[in-house]
Amino acid sequence: MSELRVIFDLDDTLYPESAFARSGFRAAGAWADAAFGVDGMAAEMDQLFSEGHLGPLFRKALARHVPDHADGDLERLVEVYRTHTPDIELFEDAVWALSHYGGTAPIGLITDGTASMQQAKVAALDIAGHFSEIVFTDALGGRDFRKPHPQSYEHMERTLGGNGARFVYVGDNPAKDFVTPNARGWISIQIRRPGGIHDPDKVADGGAPQHTINSLHELPDVLGRS
Ligand SMILES: [Mg+2]
């Protein structure tokens, strides 16, 4: 068995997060159509998303299309988005990486975000079977446990470590993904995805990746071929 323990991030590492957003907008638009008889809200949300208005997107779209909406409608709209069944697919290189690395040693997944939403993504991608360990950080006790909090990484070391294991974290977001791996002696690898949601050049203190790749097919160049 390989000594490598490759731990992956989910959003914009294994599948395009923008595809999740767009399938959520379709679900939210369908809800608005059913609830208020308004057309075009999904297209409006797509447009705001393309312009980079992520935070106020739902409030803006609702105010534009349903100006006389009631208290609680915004929360309901966001809830529809968060709980929809995602229409998403793995990147082609992620299909390869999960079976390649998962076939020779235990691999893991650490992902931030509302736990039920992240669980729905894992279910839609049908990838749980590849992983020996999955940590939904919010399920550890809320948002405080999101990366770079060390608990999820410690969990991987505790459950998958031993016998000279070398840990690797593969993620897309240098603002949070690599701070703790770097501090704990892991190998940190940034995958740069065109169209990714997070700025690939916004780097946290201590969070610079040790390696940068443009495709998961390049992982053996960094980790060796075994
Ligand atoms: Mg990510």
# chains A, B, ... in the order shown; residues from 1 in each chain; ligands from 1
$ residues_near_ligand --ligand "ligand 1" --cutoff "10 Å" --atoms "only C-alpha atoms and all ligand atoms" --output "VMD selection string"
chain A and resid 8 to 17 110 to 112 170 to 174 176 to 177 190 to 191 193 196 to 198
$ select_by_dssp --residues "stretch 44-211 of chain A" --states "helix (DSSP H, G or I)" --output "number ranges by chain"
A: 44-50, 57-65, 73-83, 92-102, 115-125, 128-130, 137-140, 143-145, 151-160, 179-183
$ closest_residue --among "A:Ile134, A:Ala139, A:Ala120, A:Leu62" --to "A:Phe20" --atoms "only C-alpha atoms"
A:Ala120
$ residues_around --residues "A:Gly164" --least-positions-apart "5" --cutoff "10 Å" --atoms "only C-alpha atoms" --output "ChimeraX atom specification"
/A:2-4
$ closest_residue --among "A:Thr137, A:Ser23, A:Asn163, A:Ser132" --to "A:Val80" --atoms "only C-alpha atoms"
A:Ser23
$ select_by_dssp --residues "stretch 26-145 of chain A" --states "strand (DSSP E or B)" --output "MDAnalysis selection string"
chainID A and resid 108:111 133:136
$ closest_residue --among "A:Val179, A:Ala61, A:Ile187, A:Ile127" --to "A:Ala28" --atoms "only C-alpha atoms"
A:Ala61
$ residues_around --residues "stretch 71-77 of chain A" --least-positions-apart "3" --cutoff "10 Å" --atoms "only C-alpha atoms" --output "ChimeraX atom specification"
/A:25,27-29,31-32,35,58-63,66,68,80-82
$ write_last_selection --atoms "all heavy atoms" --output "CSV table (one decimal), in the first residue's frame"
chain,number,residue,atom,x,y,z
A,25,PHE,N,-29.9,28.1,-8.8
A,25,PHE,CA,-30.7,29.2,-9.3
A,25,PHE,C,-31.9,28.7,-10.1
A,25,PHE,O,-33.0,29.2,-10.0
A,25,PHE,CB,-29.9,30.1,-10.3
A,25,PHE,CG,-28.7,30.7,-9.6
A,25,PHE,CD1,-27.5,31.0,-10.4
A,25,PHE,CD2,-28.6,30.9,-8.2
A,25,PHE,CE1,-26.4,31.6,-9.8
A,25,PHE,CE2,-27.5,31.5,-7.6
A,25,PHE,CZ,-26.4,31.8,-8.4
A,27,ALA,N,-33.5,25.9,-9.5
A,27,ALA,CA,-34.5,25.4,-8.4
A,27,ALA,C,-35.2,26.6,-7.8
A,27,ALA,O,-36.4,26.6,-7.6
A,27,ALA,CB,-33.8,24.6,-7.4
A,28,ALA,N,-34.4,27.7,-7.5
A,28,ALA,CA,-34.9,28.9,-6.8
A,28,ALA,C,-35.9,29.6,-7.8
A,28,ALA,O,-36.9,30.1,-7.3
A,28,ALA,CB,-33.8,29.8,-6.4
A,29,GLY,N,-35.5,29.6,-9.0
A,29,GLY,CA,-36.4,30.3,-10.0
A,29,GLY,C,-37.7,29.6,-10.2
A,29,GLY,O,-38.8,30.2,-10.3
A,31,TRP,N,-39.2,27.8,-7.9
A,31,TRP,CA,-39.9,28.0,-6.7
A,31,TRP,C,-40.6,29.4,-6.8
A,31,TRP,O,-41.8,29.6,-6.4
A,31,TRP,CB,-39.0,28.0,-5.4
A,31,TRP,CG,-39.7,28.4,-4.2
A,31,TRP,CD1,-40.5,27.6,-3.4
A,31,TRP,CD2,-39.6,29.7,-3.6
A,31,TRP,NE1,-40.9,28.4,-2.3
A,31,TRP,CE2,-40.4,29.6,-2.4
A,31,TRP,CE3,-39.0,30.9,-3.9
A,31,TRP,CZ2,-40.6,30.7,-1.5
A,31,TRP,CZ3,-39.2,32.0,-3.0
A,31,TRP,CH2,-40.0,31.9,-1.9
A,32,ALA,N,-39.9,30.4,-7.2
A,32,ALA,CA,-40.4,31.8,-7.3
A,32,ALA,C,-41.6,31.8,-8.4
A,32,ALA,O,-42.6,32.5,-8.2
A,32,ALA,CB,-39.3,32.8,-7.7
A,35,ALA,N,-44.5,30.1,-6.5
A,35,ALA,CA,-45.0,30.9,-5.4
A,35,ALA,C,-45.6,32.2,-5.8
A,35,ALA,O,-46.6,32.7,-5.2
A,35,ALA,CB,-43.9,31.1,-4.4
A,58,PHE,N,-29.5,36.9,-3.8
A,58,PHE,CA,-30.8,36.4,-3.6
A,58,PHE,C,-31.7,37.6,-3.2
A,58,PHE,O,-32.8,37.7,-3.7
A,58,PHE,CB,-30.9,35.4,-2.5
A,58,PHE,CG,-30.2,34.1,-2.9
A,58,PHE,CD1,-28.9,33.8,-2.5
A,58,PHE,CD2,-30.8,33.2,-3.7
A,58,PHE,CE1,-28.3,32.6,-2.8
A,58,PHE,CE2,-30.2,32.0,-4.1
A,58,PHE,CZ,-28.9,31.7,-3.7
A,59,ARG,N,-31.2,38.5,-2.3
A,59,ARG,CA,-32.0,39.7,-1.9
A,59,ARG,C,-32.2,40.6,-3.1
A,59,ARG,O,-33.4,41.0,-3.3
A,59,ARG,CB,-31.2,40.4,-0.8
A,59,ARG,CG,-31.9,41.7,-0.3
A,59,ARG,CD,-31.1,42.3,0.8
A,59,ARG,NE,-29.7,42.6,0.5
A,59,ARG,CZ,-29.3,43.5,-0.4
A,59,ARG,NH1,-30.2,44.3,-1.0
A,59,ARG,NH2,-28.0,43.7,-0.6
A,60,LYS,N,-31.2,40.8,-4.0
A,60,LYS,CA,-31.4,41.6,-5.1
A,60,LYS,C,-32.4,41.0,-6.1
A,60,LYS,O,-33.3,41.8,-6.6
A,60,LYS,CB,-30.1,41.8,-5.9
A,60,LYS,CG,-29.1,42.8,-5.2
A,60,LYS,CD,-27.9,43.0,-6.2
A,60,LYS,CE,-27.1,44.2,-5.7
A,60,LYS,NZ,-26.1,44.5,-6.6
A,61,ALA,N,-32.3,39.7,-6.4
A,61,ALA,CA,-33.2,39.1,-7.4
A,61,ALA,C,-34.7,39.1,-6.9
A,61,ALA,O,-35.6,39.4,-7.6
A,61,ALA,CB,-32.8,37.7,-7.6
A,62,LEU,N,-34.8,38.9,-5.6
A,62,LEU,CA,-36.2,38.9,-5.0
A,62,LEU,C,-36.8,40.3,-5.0
A,62,LEU,O,-37.9,40.5,-5.4
A,62,LEU,CB,-36.2,38.3,-3.6
A,62,LEU,CG,-37.5,38.0,-3.0
A,62,LEU,CD1,-38.2,36.9,-3.8
A,62,LEU,CD2,-37.4,37.5,-1.5
A,63,ALA,N,-36.0,41.3,-4.7
A,63,ALA,CA,-36.4,42.7,-4.7
A,63,ALA,C,-36.8,43.1,-6.1
A,63,ALA,O,-37.8,43.8,-6.3
A,63,ALA,CB,-35.4,43.6,-4.1
A,66,VAL,N,-40.0,40.4,-7.1
A,66,VAL,CA,-41.2,40.4,-6.2
A,66,VAL,C,-41.0,41.5,-5.2
A,66,VAL,O,-40.8,41.3,-4.0
A,66,VAL,CB,-41.3,39.0,-5.5
A,66,VAL,CG1,-42.7,38.9,-4.8
A,66,VAL,CG2,-41.0,37.9,-6.4
A,68,ASP,N,-43.0,43.4,-3.6
A,68,ASP,CA,-43.8,43.4,-2.4
A,68,ASP,C,-43.8,42.1,-1.6
A,68,ASP,O,-44.8,41.7,-1.0
A,68,ASP,CB,-45.3,43.7,-2.8
A,68,ASP,CG,-45.8,42.7,-3.8
A,68,ASP,OD1,-45.0,41.9,-4.3
A,68,ASP,OD2,-47.0,42.7,-4.1
A,80,VAL,N,-34.5,27.0,-0.4
A,80,VAL,CA,-34.7,26.2,-1.7
A,80,VAL,C,-33.4,26.0,-2.4
A,80,VAL,O,-33.1,24.9,-2.8
A,80,VAL,CB,-35.7,27.0,-2.6
A,80,VAL,CG1,-35.7,26.3,-4.0
A,80,VAL,CG2,-37.1,27.0,-2.0
A,81,TYR,N,-32.5,27.0,-2.4
A,81,TYR,CA,-31.2,26.9,-3.1
A,81,TYR,C,-30.4,25.9,-2.3
A,81,TYR,O,-29.8,25.0,-2.9
A,81,TYR,CB,-30.5,28.3,-3.0
A,81,TYR,CG,-29.1,28.3,-3.6
A,81,TYR,CD1,-28.9,28.5,-4.9
A,81,TYR,CD2,-28.0,28.3,-2.7
A,81,TYR,CE1,-27.5,28.5,-5.4
A,81,TYR,CE2,-26.7,28.3,-3.1
A,81,TYR,CZ,-26.5,28.4,-4.5
A,81,TYR,OH,-25.2,28.4,-4.9
A,82,ARG,N,-30.3,26.0,-1.0
A,82,ARG,CA,-29.5,25.2,-0.2
A,82,ARG,C,-29.9,23.7,-0.2
A,82,ARG,O,-29.1,22.8,0.0
A,82,ARG,CB,-29.4,25.7,1.3
A,82,ARG,CG,-28.6,26.9,1.5
A,82,ARG,CD,-28.0,27.0,2.9
A,82,ARG,NE,-27.3,28.2,3.0
A,82,ARG,CZ,-27.5,29.1,3.9
A,82,ARG,NH1,-28.4,28.9,4.8
A,82,ARG,NH2,-26.7,30.2,4.0
$ closest_residue --among "A:Val78, A:Leu219, A:Ala175, A:Leu90" --to "A:Gly207" --atoms "only C-alpha atoms"
A:Ala175
$ residues_around --residues "A:Thr114" --least-positions-apart "4" --cutoff "10 Å" --atoms "only C-alpha atoms" --output "list in words"
Arg82, Thr83, Gln118, Gln119, Phe136, Thr137, Asp138, Ala139, Gly142 and Arg143 of chain A
$ write_last_selection --atoms "all heavy atoms" --output "PDB file, in the first residue's frame"
ATOM      1  N   ARG A  82     -30.328  26.044  -0.996  1.00  0.00           N
ATOM      2  CA  ARG A  82     -29.450  25.171  -0.197  1.00  0.00           C
ATOM      3  C   ARG A  82     -29.892  23.720  -0.204  1.00  0.00           C
ATOM      4  O   ARG A  82     -29.077  22.822  -0.027  1.00  0.00           O
ATOM      5  CB  ARG A  82     -29.437  25.656   1.261  1.00  0.00           C
ATOM      6  CG  ARG A  82     -28.623  26.908   1.453  1.00  0.00           C
ATOM      7  CD  ARG A  82     -28.024  26.952   2.853  1.00  0.00           C
ATOM      8  NE  ARG A  82     -27.252  28.175   3.008  1.00  0.00           N
ATOM      9  CZ  ARG A  82     -27.480  29.081   3.944  1.00  0.00           C
ATOM     10  NH1 ARG A  82     -28.432  28.888   4.829  1.00  0.00           N
ATOM     11  NH2 ARG A  82     -26.736  30.166   4.015  1.00  0.00           N
ATOM     12  N   THR A  83     -31.193  23.471  -0.355  1.00  0.00           N
ATOM     13  CA  THR A  83     -31.697  22.107  -0.203  1.00  0.00           C
ATOM     14  C   THR A  83     -32.047  21.452  -1.544  1.00  0.00           C
ATOM     15  O   THR A  83     -32.548  20.339  -1.549  1.00  0.00           O
ATOM     16  CB  THR A  83     -32.953  22.075   0.702  1.00  0.00           C
ATOM     17  OG1 THR A  83     -33.951  22.934   0.123  1.00  0.00           O
ATOM     18  CG2 THR A  83     -32.627  22.569   2.102  1.00  0.00           C
ATOM     19  N   GLN A 118     -23.462  20.164   1.558  1.00  0.00           N
ATOM     20  CA  GLN A 118     -22.255  19.467   1.109  1.00  0.00           C
ATOM     21  C   GLN A 118     -22.535  17.966   0.963  1.00  0.00           C
ATOM     22  O   GLN A 118     -22.030  17.316   0.047  1.00  0.00           O
ATOM     23  CB  GLN A 118     -21.097  19.704   2.089  1.00  0.00           C
ATOM     24  CG  GLN A 118     -20.691  21.177   2.228  1.00  0.00           C
ATOM     25  CD  GLN A 118     -20.427  21.857   0.898  1.00  0.00           C
ATOM     26  OE1 GLN A 118     -21.281  22.567   0.376  1.00  0.00           O
ATOM     27  NE2 GLN A 118     -19.253  21.629   0.320  1.00  0.00           N
ATOM     28  N   GLN A 119     -23.374  17.433   1.871  1.00  0.00           N
ATOM     29  CA  GLN A 119     -23.746  16.017   1.778  1.00  0.00           C
ATOM     30  C   GLN A 119     -24.537  15.753   0.496  1.00  0.00           C
ATOM     31  O   GLN A 119     -24.351  14.721  -0.162  1.00  0.00           O
ATOM     32  CB  GLN A 119     -24.554  15.605   3.016  1.00  0.00           C
ATOM     33  CG  GLN A 119     -23.680  15.455   4.248  1.00  0.00           C
ATOM     34  CD  GLN A 119     -24.452  15.534   5.556  1.00  0.00           C
ATOM     35  OE1 GLN A 119     -25.661  15.810   5.578  1.00  0.00           O
ATOM     36  NE2 GLN A 119     -23.769  15.317   6.669  1.00  0.00           N
ATOM     37  N   PHE A 136     -17.299  16.706   7.023  1.00  0.00           N
ATOM     38  CA  PHE A 136     -18.086  17.907   6.758  1.00  0.00           C
ATOM     39  C   PHE A 136     -17.827  18.821   7.958  1.00  0.00           C
ATOM     40  O   PHE A 136     -18.340  18.575   9.050  1.00  0.00           O
ATOM     41  CB  PHE A 136     -19.571  17.557   6.629  1.00  0.00           C
ATOM     42  CG  PHE A 136     -19.865  16.594   5.508  1.00  0.00           C
ATOM     43  CD1 PHE A 136     -20.048  15.238   5.771  1.00  0.00           C
ATOM     44  CD2 PHE A 136     -19.937  17.032   4.192  1.00  0.00           C
ATOM     45  CE1 PHE A 136     -20.321  14.347   4.741  1.00  0.00           C
ATOM     46  CE2 PHE A 136     -20.201  16.147   3.161  1.00  0.00           C
ATOM     47  CZ  PHE A 136     -20.393  14.798   3.430  1.00  0.00           C
ATOM     48  N   THR A 137     -16.991  19.836   7.757  1.00  0.00           N
ATOM     49  CA  THR A 137     -16.475  20.576   8.919  1.00  0.00           C
ATOM     50  C   THR A 137     -17.591  21.198   9.760  1.00  0.00           C
ATOM     51  O   THR A 137     -17.486  21.238  10.984  1.00  0.00           O
ATOM     52  CB  THR A 137     -15.483  21.668   8.479  1.00  0.00           C
ATOM     53  OG1 THR A 137     -16.120  22.526   7.522  1.00  0.00           O
ATOM     54  CG2 THR A 137     -14.236  21.053   7.861  1.00  0.00           C
ATOM     55  N   ASP A 138     -18.658  21.680   9.125  1.00  0.00           N
ATOM     56  CA  ASP A 138     -19.749  22.286   9.902  1.00  0.00           C
ATOM     57  C   ASP A 138     -20.381  21.271  10.863  1.00  0.00           C
ATOM     58  O   ASP A 138     -20.911  21.653  11.905  1.00  0.00           O
ATOM     59  CB  ASP A 138     -20.836  22.844   8.981  1.00  0.00           C
ATOM     60  CG  ASP A 138     -20.467  24.220   8.416  1.00  0.00           C
ATOM     61  OD1 ASP A 138     -19.250  24.492   8.285  1.00  0.00           O
ATOM     62  OD2 ASP A 138     -21.379  25.012   8.104  1.00  0.00           O
ATOM     63  N   ALA A 139     -20.321  19.995  10.494  1.00  0.00           N
ATOM     64  CA  ALA A 139     -20.907  18.956  11.345  1.00  0.00           C
ATOM     65  C   ALA A 139     -20.071  18.715  12.600  1.00  0.00           C
ATOM     66  O   ALA A 139     -20.514  18.041  13.539  1.00  0.00           O
ATOM     67  CB  ALA A 139     -21.063  17.659  10.553  1.00  0.00           C
ATOM     68  N   GLY A 142     -20.171  23.496  13.805  1.00  0.00           N
ATOM     69  CA  GLY A 142     -20.518  24.809  13.238  1.00  0.00           C
ATOM     70  C   GLY A 142     -19.397  25.422  12.430  1.00  0.00           C
ATOM     71  O   GLY A 142     -18.357  24.801  12.191  1.00  0.00           O
ATOM     72  N   ARG A 143     -19.637  26.663  12.016  1.00  0.00           N
ATOM     73  CA  ARG A 143     -18.736  27.348  11.082  1.00  0.00           C
ATOM     74  C   ARG A 143     -17.330  27.536  11.639  1.00  0.00           C
ATOM     75  O   ARG A 143     -16.376  27.657  10.873  1.00  0.00           O
ATOM     76  CB  ARG A 143     -19.297  28.728  10.731  1.00  0.00           C
ATOM     77  CG  ARG A 143     -20.673  28.703  10.108  1.00  0.00           C
ATOM     78  CD  ARG A 143     -21.192  30.120   9.934  1.00  0.00           C
ATOM     79  NE  ARG A 143     -20.390  30.878   9.012  1.00  0.00           N
ATOM     80  CZ  ARG A 143     -20.692  31.076   7.725  1.00  0.00           C
ATOM     81  NH1 ARG A 143     -21.785  30.573   7.221  1.00  0.00           N
ATOM     82  NH2 ARG A 143     -19.901  31.793   6.948  1.00  0.00           N
TER      83      ARG A 143
END
$ residues_around --residues "A:Leu57" --least-positions-apart "5" --cutoff "8 Å" --atoms "only C-alpha atoms" --output "list in words"
Met45, Leu48 and Phe49 of chain A
$ atom_distance --atom1 "atom CA of A:Glu218" --atom2 "atom CA of A:Arg192"
11.6 Å
$ residues_around --residues "A:Glu133" --least-positions-apart "6" --cutoff "10 Å" --atoms "only C-alpha atoms" --output "PyMOL selection string"
chain A and resi 7+106-110+155-156+159-160
$ atom_distance --atom1 "atom CA of A:Arg5" --atom2 "atom CA of A:Ala165"
6.5 Å
